[in-house]
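Visitor: This is work_39.csv, which holds CSV, N, CA and C atoms:
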```csv
chain,number,residue,atom,x,y,z
S,13,MET,N,85.1,109.1,163.3
S,13,MET,CA,85.2,108.1,162.3
S,13,MET,C,84.1,108.4,161.3
S,14,SER,N,84.5,108.9,160.1
S,14,SER,CA,83.5,109.3,159.1
S,14,SER,C,83.4,108.2,158.1
S,15,MET,N,82.2,107.8,157.8
S,15,MET,CA,82.0,106.7,156.7
S,15,MET,C,81.9,107.4,155.4
S,16,SER,N,81.7,108.7,155.3
S,16,SER,CA,81.4,109.3,154.0
S,16,SER,C,82.7,109.3,153.1
S,17,SER,N,83.9,109.2,153.7
S,17,SER,CA,85.1,109.2,152.9
S,17,SER,C,85.3,107.8,152.2
S,18,ARG,N,84.7,106.8,152.7
S,18,ARG,CA,84.8,105.5,152.1
S,18,ARG,C,83.6,105.1,151.2
S,19,MET,N,82.6,105.9,151.3
S,19,MET,CA,81.4,105.6,150.4
S,19,MET,C,81.7,106.1,149.0
S,20,PRO,N,81.2,105.3,148.0
S,20,PRO,CA,81.4,105.7,146.6
S,20,PRO,C,80.6,107.0,146.4
S,21,GLU,N,81.1,107.8,145.4
S,21,GLU,CA,80.3,109.0,145.1
S,21,GLU,C,79.1,108.6,144.3
S,22,PRO,N,78.0,109.4,144.5
S,22,PRO,CA,76.8,109.1,143.8
S,22,PRO,C,76.9,109.2,142.3
S,23,TYR,N,76.1,108.5,141.6
S,23,TYR,CA,76.1,108.5,140.2
S,23,TYR,C,76.1,109.9,139.6
S,24,GLY,N,77.0,110.2,138.7
S,24,GLY,CA,77.0,111.4,138.0
S,24,GLY,C,77.8,112.5,138.7
S,25,GLN,N,78.3,112.3,139.9
S,25,GLN,CA,79.1,113.3,140.5
S,25,GLN,C,80.6,112.8,140.6
S,26,GLY,N,81.4,113.6,139.9
S,26,GLY,CA,82.9,113.2,140.0
S,26,GLY,C,83.2,112.1,139.0
S,27,GLY,N,82.3,111.5,138.3
S,27,GLY,CA,82.6,110.5,137.4
S,27,GLY,C,83.3,111.0,136.1
S,28,GLY,N,83.1,112.3,135.8
S,28,GLY,CA,83.8,112.8,134.7
S,28,GLY,C,85.3,112.8,134.8
S,29,ALA,N,85.8,113.1,136.0
S,29,ALA,CA,87.2,113.1,136.3
S,29,ALA,C,87.8,111.7,136.1
S,30,ASN,N,87.1,110.7,136.7
S,30,ASN,CA,87.5,109.4,136.5
S,30,ASN,C,87.5,108.9,135.1
S,31,LEU,N,86.5,109.2,134.4
S,31,LEU,CA,86.4,108.9,133.0
S,31,LEU,C,87.5,109.6,132.2
S,32,ALA,N,87.8,110.8,132.5
S,32,ALA,CA,88.8,111.6,131.8
S,32,ALA,C,90.2,110.9,132.1
S,33,ASP,N,90.4,110.5,133.3
S,33,ASP,CA,91.7,109.8,133.7
S,33,ASP,C,91.8,108.5,132.9
S,34,ILE,N,90.8,107.8,132.9
S,34,ILE,CA,90.8,106.5,132.1
S,34,ILE,C,91.1,106.7,130.7
S,35,LEU,N,90.4,107.7,130.1
S,35,LEU,CA,90.6,108.0,128.7
S,35,LEU,C,92.0,108.5,128.4
S,36,GLU,N,92.5,109.3,129.3
S,36,GLU,CA,93.9,109.8,129.1
S,36,GLU,C,94.9,108.6,129.1
S,37,ARG,N,94.7,107.7,130.1
S,37,ARG,CA,95.6,106.5,130.1
S,37,ARG,C,95.5,105.7,128.9
S,38,VAL,N,94.2,105.4,128.5
S,38,VAL,CA,94.0,104.6,127.3
S,38,VAL,C,94.7,105.2,126.1
S,39,LEU,N,94.5,106.5,125.9
S,39,LEU,CA,95.1,107.2,124.7
S,39,LEU,C,96.6,107.3,124.8
S,40,ASP,N,97.1,107.4,126.0
S,40,ASP,CA,98.6,107.5,126.2
S,40,ASP,C,99.2,106.1,126.0
S,41,LYS,N,98.7,105.1,126.5
S,41,LYS,CA,99.2,103.8,126.4
S,41,LYS,C,98.8,103.0,125.2
S,42,GLY,N,97.5,103.2,124.9
S,42,GLY,CA,96.9,102.4,123.8
S,42,GLY,C,96.3,101.2,124.3
S,43,ILE,N,95.3,100.7,123.6
S,43,ILE,CA,94.6,99.4,124.0
S,43,ILE,C,94.3,98.7,122.7
S,44,VAL,N,94.4,97.4,122.7
S,44,VAL,CA,94.1,96.5,121.6
S,44,VAL,C,93.0,95.6,122.0
S,45,ILE,N,92.0,95.5,121.2
S,45,ILE,CA,90.9,94.5,121.4
S,45,ILE,C,90.9,93.7,120.2
S,46,ALA,N,91.0,92.4,120.4
S,46,ALA,CA,91.0,91.4,119.2
S,46,ALA,C,90.0,90.3,119.5
S,47,GLY,N,89.4,89.9,118.4
S,47,GLY,CA,88.5,88.8,118.5
S,47,GLY,C,88.2,88.2,117.2
S,48,ASP,N,87.8,86.9,117.2
S,48,ASP,CA,87.4,86.2,115.9
S,48,ASP,C,86.0,85.6,116.1
S,49,ILE,N,85.3,85.7,115.0
S,49,ILE,CA,84.0,85.1,115.0
S,49,ILE,C,84.0,84.0,113.9
S,50,ARG,N,83.6,82.8,114.2
S,50,ARG,CA,83.6,81.8,113.3
S,50,ARG,C,82.2,81.1,113.3
S,51,ILE,N,81.7,80.9,112.1
S,51,ILE,CA,80.4,80.2,111.9
S,51,ILE,C,80.6,78.9,111.2
S,52,ASN,N,80.3,77.8,111.9
S,52,ASN,CA,80.5,76.5,111.3
S,52,ASN,C,79.2,75.8,111.2
S,53,LEU,N,79.0,75.0,110.2
S,53,LEU,CA,77.9,74.1,110.0
S,53,LEU,C,78.4,72.7,109.7
S,54,LEU,N,78.1,71.8,110.6
S,54,LEU,CA,78.6,70.4,110.5
S,54,LEU,C,80.1,70.3,110.2
S,55,ASP,N,80.9,71.0,111.0
S,55,ASP,CA,82.3,71.1,110.9
S,55,ASP,C,82.8,71.7,109.6
S,56,ILE,N,82.0,72.4,108.9
S,56,ILE,CA,82.4,73.1,107.7
S,56,ILE,C,82.4,74.6,108.0
S,57,GLU,N,83.5,75.3,107.9
S,57,GLU,CA,83.6,76.7,108.2
S,57,GLU,C,82.9,77.5,107.1
S,58,LEU,N,81.9,78.2,107.5
S,58,LEU,CA,81.1,79.0,106.5
S,58,LEU,C,81.6,80.5,106.5
S,59,LEU,N,82.0,81.0,107.6
S,59,LEU,CA,82.3,82.4,107.7
S,59,LEU,C,83.3,82.6,108.9
S,60,THR,N,84.3,83.4,108.6
S,60,THR,CA,85.3,83.8,109.7
S,60,THR,C,85.4,85.3,109.6
S,61,ILE,N,85.2,86.0,110.7
S,61,ILE,CA,85.4,87.4,110.8
S,61,ILE,C,86.4,87.7,111.8
S,62,LYS,N,87.5,88.4,111.4
S,62,LYS,CA,88.5,88.8,112.4
S,62,LYS,C,88.4,90.2,112.7
S,63,LEU,N,88.2,90.5,114.0
S,63,LEU,CA,88.1,91.9,114.4
S,63,LEU,C,89.3,92.4,115.2
S,64,ARG,N,89.8,93.5,114.8
S,64,ARG,CA,91.0,94.1,115.5
S,64,ARG,C,90.7,95.6,115.8
S,65,LEU,N,90.7,96.0,117.0
S,65,LEU,CA,90.4,97.4,117.3
S,65,LEU,C,91.6,97.9,118.1
S,66,ILE,N,92.1,99.0,117.7
S,66,ILE,CA,93.2,99.7,118.4
S,66,ILE,C,92.7,101.1,118.8
S,67,VAL,N,92.8,101.4,120.0
S,67,VAL,CA,92.4,102.8,120.5
S,67,VAL,C,93.6,103.4,121.1
S,68,ALA,N,94.1,104.5,120.5
S,68,ALA,CA,95.3,105.2,120.9
S,68,ALA,C,95.3,106.6,120.4
S,69,SER,N,96.1,107.4,121.0
S,69,SER,CA,96.3,108.8,120.4
S,69,SER,C,97.0,108.7,119.1
S,70,VAL,N,97.0,109.8,118.3
S,70,VAL,CA,97.7,109.8,117.1
S,70,VAL,C,99.2,109.7,117.3
S,71,ASP,N,99.7,110.3,118.3
S,71,ASP,CA,101.1,110.2,118.6
S,71,ASP,C,101.5,108.8,118.9
S,72,LYS,N,100.7,108.2,119.7
S,72,LYS,CA,101.1,106.8,120.1
S,72,LYS,C,100.9,105.9,118.9
S,73,ALA,N,99.9,106.1,118.1
S,73,ALA,CA,99.8,105.2,116.9
S,73,ALA,C,101.0,105.4,116.0
S,74,LYS,N,101.4,106.6,115.8
S,74,LYS,CA,102.6,106.9,114.9
S,74,LYS,C,103.9,106.2,115.5
S,75,GLU,N,104.0,106.3,116.9
S,75,GLU,CA,105.1,105.6,117.6
S,75,GLU,C,105.1,104.1,117.3
S,76,MET,N,103.9,103.5,117.2
S,76,MET,CA,103.7,102.1,117.0
S,76,MET,C,103.9,101.8,115.5
S,77,GLY,N,104.0,102.8,114.6
S,77,GLY,CA,104.2,102.5,113.2
S,77,GLY,C,102.9,102.5,112.4
S,78,ILE,N,101.8,103.0,113.0
S,78,ILE,CA,100.5,103.0,112.4
S,78,ILE,C,100.2,104.4,111.9
S,79,ASP,N,100.2,104.6,110.6
S,79,ASP,CA,99.9,105.9,110.0
S,79,ASP,C,99.1,105.8,108.7
S,80,TRP,N,98.3,104.9,108.6
S,80,TRP,CA,97.6,104.6,107.3
S,80,TRP,C,96.7,105.8,106.9
S,81,TRP,N,96.2,106.6,107.9
S,81,TRP,CA,95.3,107.7,107.5
S,81,TRP,C,96.1,108.8,106.8
S,82,GLU,N,97.4,108.8,106.9
S,82,GLU,CA,98.2,109.8,106.1
S,82,GLU,C,98.3,109.6,104.6
S,83,THR,N,98.1,108.3,104.3
S,83,THR,CA,98.2,107.9,102.8
S,83,THR,C,96.9,107.6,102.2
S,84,ASP,N,95.8,107.7,103.0
S,84,ASP,CA,94.5,107.4,102.5
S,84,ASP,C,93.9,108.6,101.9
S,85,PRO,N,93.6,108.7,100.5
S,85,PRO,CA,93.1,109.9,99.9
S,85,PRO,C,91.8,110.3,100.4
S,86,ALA,N,91.0,109.4,101.0
S,86,ALA,CA,89.7,109.8,101.6
S,86,ALA,C,89.8,110.6,102.9
S,87,LEU,N,91.0,110.4,103.5
S,87,LEU,CA,91.2,111.1,104.8
S,87,LEU,C,92.2,112.2,104.9
S,88,SER,N,93.1,112.2,103.8
S,88,SER,CA,94.2,113.2,103.9
S,88,SER,C,94.2,114.0,102.6
S,89,SER,N,94.2,115.3,102.7
S,89,SER,CA,94.3,116.2,101.5
S,89,SER,C,95.7,116.0,100.8
S,90,GLY,N,96.7,115.8,101.6
S,90,GLY,CA,98.0,115.6,101.0
S,90,GLY,C,98.1,114.3,100.2
S,91,ALA,N,97.5,113.3,100.7
S,91,ALA,CA,97.5,112.0,100.0
S,91,ALA,C,96.6,112.2,98.7
S,92,ARG,N,95.5,113.0,98.8
S,92,ARG,CA,94.7,113.2,97.6
S,92,ARG,C,95.5,113.9,96.5
S,93,ARG,N,96.3,114.9,96.9
S,93,ARG,CA,97.1,115.7,96.0
S,93,ARG,C,98.1,114.7,95.3
S,94,ASP,N,98.7,113.9,96.2
S,94,ASP,CA,99.7,112.9,95.6
S,94,ASP,C,99.1,112.0,94.7
S,95,GLN,N,97.9,111.5,95.0
S,95,GLN,CA,97.2,110.6,94.1
S,95,GLN,C,96.9,111.3,92.8
S,96,LEU,N,96.4,112.5,92.8
S,96,LEU,CA,96.1,113.2,91.6
S,96,LEU,C,97.3,113.5,90.8
S,97,ALA,N,98.4,113.8,91.4
S,97,ALA,CA,99.7,114.0,90.7
S,97,ALA,C,100.2,112.7,90.0
S,98,ARG,N,100.1,111.6,90.7
S,98,ARG,CA,100.4,110.3,90.1
S,98,ARG,C,99.6,110.0,88.9
S,99,GLU,N,98.2,110.2,89.1
S,99,GLU,CA,97.3,109.9,88.0
S,99,GLU,C,97.6,110.8,86.8
S,100,ASN,N,98.0,112.1,87.0
S,100,ASN,CA,98.3,113.0,86.0
S,100,ASN,C,99.5,112.6,85.2
S,101,VAL,N,100.6,112.1,85.9
S,101,VAL,CA,101.8,111.6,85.3
S,101,VAL,C,101.5,110.4,84.4
S,102,GLU,N,100.7,109.5,85.0
S,102,GLU,CA,100.3,108.2,84.3
S,102,GLU,C,99.5,108.6,83.0
S,103,LEU,N,98.6,109.5,83.1
S,103,LEU,CA,97.8,109.9,81.9
S,103,LEU,C,98.7,110.5,80.9
S,104,ARG,N,99.6,111.4,81.3
S,104,ARG,CA,100.5,112.0,80.3
S,104,ARG,C,101.4,111.0,79.6
S,105,GLU,N,101.9,110.0,80.4
S,105,GLU,CA,102.7,108.9,79.7
S,105,GLU,C,101.8,108.1,78.8
S,106,ARG,N,100.6,107.8,79.2
S,106,ARG,CA,99.7,107.0,78.3
S,106,ARG,C,99.4,107.8,77.0
S,107,LEU,N,99.1,109.1,77.2
S,107,LEU,CA,98.9,109.9,76.0
S,107,LEU,C,100.1,110.0,75.1
S,108,ALA,N,101.3,110.1,75.6
S,108,ALA,CA,102.5,110.1,74.8
S,108,ALA,C,102.7,108.8,74.0
S,109,ARG,N,102.4,107.7,74.7
S,109,ARG,CA,102.5,106.4,74.0
S,109,ARG,C,101.5,106.2,72.9
S,110,LEU,N,100.2,106.7,73.2
S,110,LEU,CA,99.2,106.7,72.1
S,110,LEU,C,99.6,107.5,70.9
S,111,GLU,N,100.1,108.7,71.2
S,111,GLU,CA,100.5,109.6,70.1
S,111,GLU,C,101.7,109.0,69.3
S,112,GLU,N,102.6,108.3,70.0
S,112,GLU,CA,103.7,107.6,69.3
S,112,GLU,C,103.1,106.5,68.4
S,113,LEU,N,102.2,105.7,68.9
S,113,LEU,CA,101.6,104.7,68.1
S,113,LEU,C,100.8,105.2,66.9
S,114,GLU,N,100.1,106.3,67.1
S,114,GLU,CA,99.4,107.0,66.0
S,114,GLU,C,100.3,107.5,65.0
S,115,LEU,N,101.4,108.1,65.3
S,115,LEU,CA,102.4,108.6,64.4
S,115,LEU,C,103.1,107.4,63.6
S,116,GLY,N,103.3,106.3,64.3
S,116,GLY,CA,103.9,105.1,63.7
S,116,GLY,C,103.1,104.5,62.7
S,117,ARG,N,101.8,104.6,62.7
S,117,ARG,CA,100.8,103.9,61.8
S,117,ARG,C,100.3,104.9,60.7
S,118,ALA,N,100.6,106.2,60.8
S,118,ALA,CA,100.1,107.2,59.9
S,118,ALA,C,100.8,107.1,58.6
S,119,PRO,N,100.2,107.5,57.5
S,119,PRO,CA,100.9,107.6,56.2
S,119,PRO,C,102.0,108.7,56.3
S,120,GLU,N,102.9,108.6,55.3
S,120,GLU,CA,104.1,109.4,55.3
S,120,GLU,C,103.8,110.9,55.4
S,121,ASP,N,102.8,111.4,54.6
S,121,ASP,CA,102.5,112.8,54.5
S,121,ASP,C,101.9,113.3,55.8
S,122,ALA,N,101.3,112.4,56.6
S,122,ALA,CA,100.6,112.8,57.8
S,122,ALA,C,101.6,112.9,59.0
S,123,ARG,N,102.8,112.4,58.8
S,123,ARG,CA,103.8,112.4,59.9
S,123,ARG,C,104.4,113.8,60.0
S,124,GLU,N,104.4,114.6,59.0
S,124,GLU,CA,105.0,115.9,59.1
S,124,GLU,C,104.1,116.8,60.0
S,125,PRO,N,104.7,117.7,60.7
S,125,PRO,CA,104.0,118.6,61.6
S,125,PRO,C,103.0,119.4,60.8
S,126,ALA,N,101.9,119.7,61.4
S,126,ALA,CA,100.8,120.5,60.8
S,126,ALA,C,101.2,122.0,60.6
S,127,SER,N,102.2,122.4,61.4
S,127,SER,CA,102.6,123.8,61.3
S,127,SER,C,103.7,124.0,60.3
S,128,ARG,N,104.0,123.1,59.4
S,128,ARG,CA,105.1,123.4,58.4
S,128,ARG,C,104.8,124.6,57.6
S,129,ASP,N,105.8,125.2,57.1
S,129,ASP,CA,105.7,126.4,56.3
S,129,ASP,C,105.6,126.1,54.9
S,130,VAL,N,104.4,126.3,54.3
S,130,VAL,CA,104.2,126.0,52.9
S,130,VAL,C,104.1,127.4,52.2
S,131,ARG,N,105.1,127.6,51.3
S,131,ARG,CA,105.1,128.9,50.5
S,131,ARG,C,104.8,128.6,49.1
S,132,LYS,N,103.9,129.4,48.5
S,132,LYS,CA,103.6,129.2,47.1
S,132,LYS,C,104.5,130.2,46.4
S,133,GLU,N,105.0,129.7,45.3
S,133,GLU,CA,105.8,130.6,44.4
S,133,GLU,C,104.9,131.3,43.5
S,134,SER,N,105.1,132.6,43.3
S,134,SER,CA,104.3,133.3,42.4
S,134,SER,C,104.9,133.3,41.0
S,135,PRO,N,104.1,133.2,39.9
S,135,PRO,CA,104.6,133.1,38.6
S,135,PRO,C,105.2,134.3,38.0
```
So, in terms of structure tokens, how does the structure I just supplied come out?
Guide:
Amino acid sequence: MSMSSRMPEPYGQGGGANLADILERVLDKGIVIAGDIRINLLDIELLTIKLRLIVASVDKAKEMGIDWWETDPALSSGARRDQLARENVELRERLARLEELELGRAPEDAREPASRDVRKESP
């Protein structure tokens, strides 16, 4: 009858495997931690803080429909390129509208293109 098989392992020995198993389960299944903090003074709510924490693997988060990091320009180079492309299109459209307005208000002779062919007749 050996008591050593029932005794817990000493601190620091074999704990890594248990921690790894727990971490693997958490990332595989996901875990949600939610809480609210409310600060009241004489039944008047001064501050409410809602905390939500989700710990999961990327695959599990995508499975749950959570993929905000893919569209955040600070976290994704693809999103950054998309944002720059949208800004570029918006600026080109804005420039075109400004040029149209400028041409609409200009005097008649200024509306003609600057590259027109002006030929002088020789006497």
Visitor: Set the distance at 12 Å and use only C-alpha atoms: which residues neighbour Asp71 (chain S) once local chain neighbours fewer than 5 positions away are removed? I'd like the list as a list of chain:residue names.
Guide: S:Leu39, S:Asp40, S:Lys41, S:Gly42, S:Met76, S:Gly77, S:Ile78, S:Asp79
Visitor: Any idea what the distance is between CA of Glu111 (chain S) and atom C of Gln95 (chain S)?
Guide: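 So the two atoms, CA of Glu111 (chain S) and atom C of Gln95 (chain S), lie 23.0 Å apart.
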Visitor: Hey, what does DSSP flag as strand (DSSP E) within region 45-124 of chain S? Can you give it to me as a PyMOL selection string?
Guide: chain S and resi 45-53+56-67
Visitor: How many Å lie between CA of Ile45 (chain S) and atom C of Leu63 (chain S), rounded to one decimal?
Guide: 6.7 Å
Visitor: Measuring between all atoms listed in the file, which one of S:Leu35, S:Leu107, S:Ala46, S:Ala86 shows the shortest distance to Lys62 (chain S)?
Guide: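 Of all the options, S:Ala46 lies closest to Lys62 (chain S).
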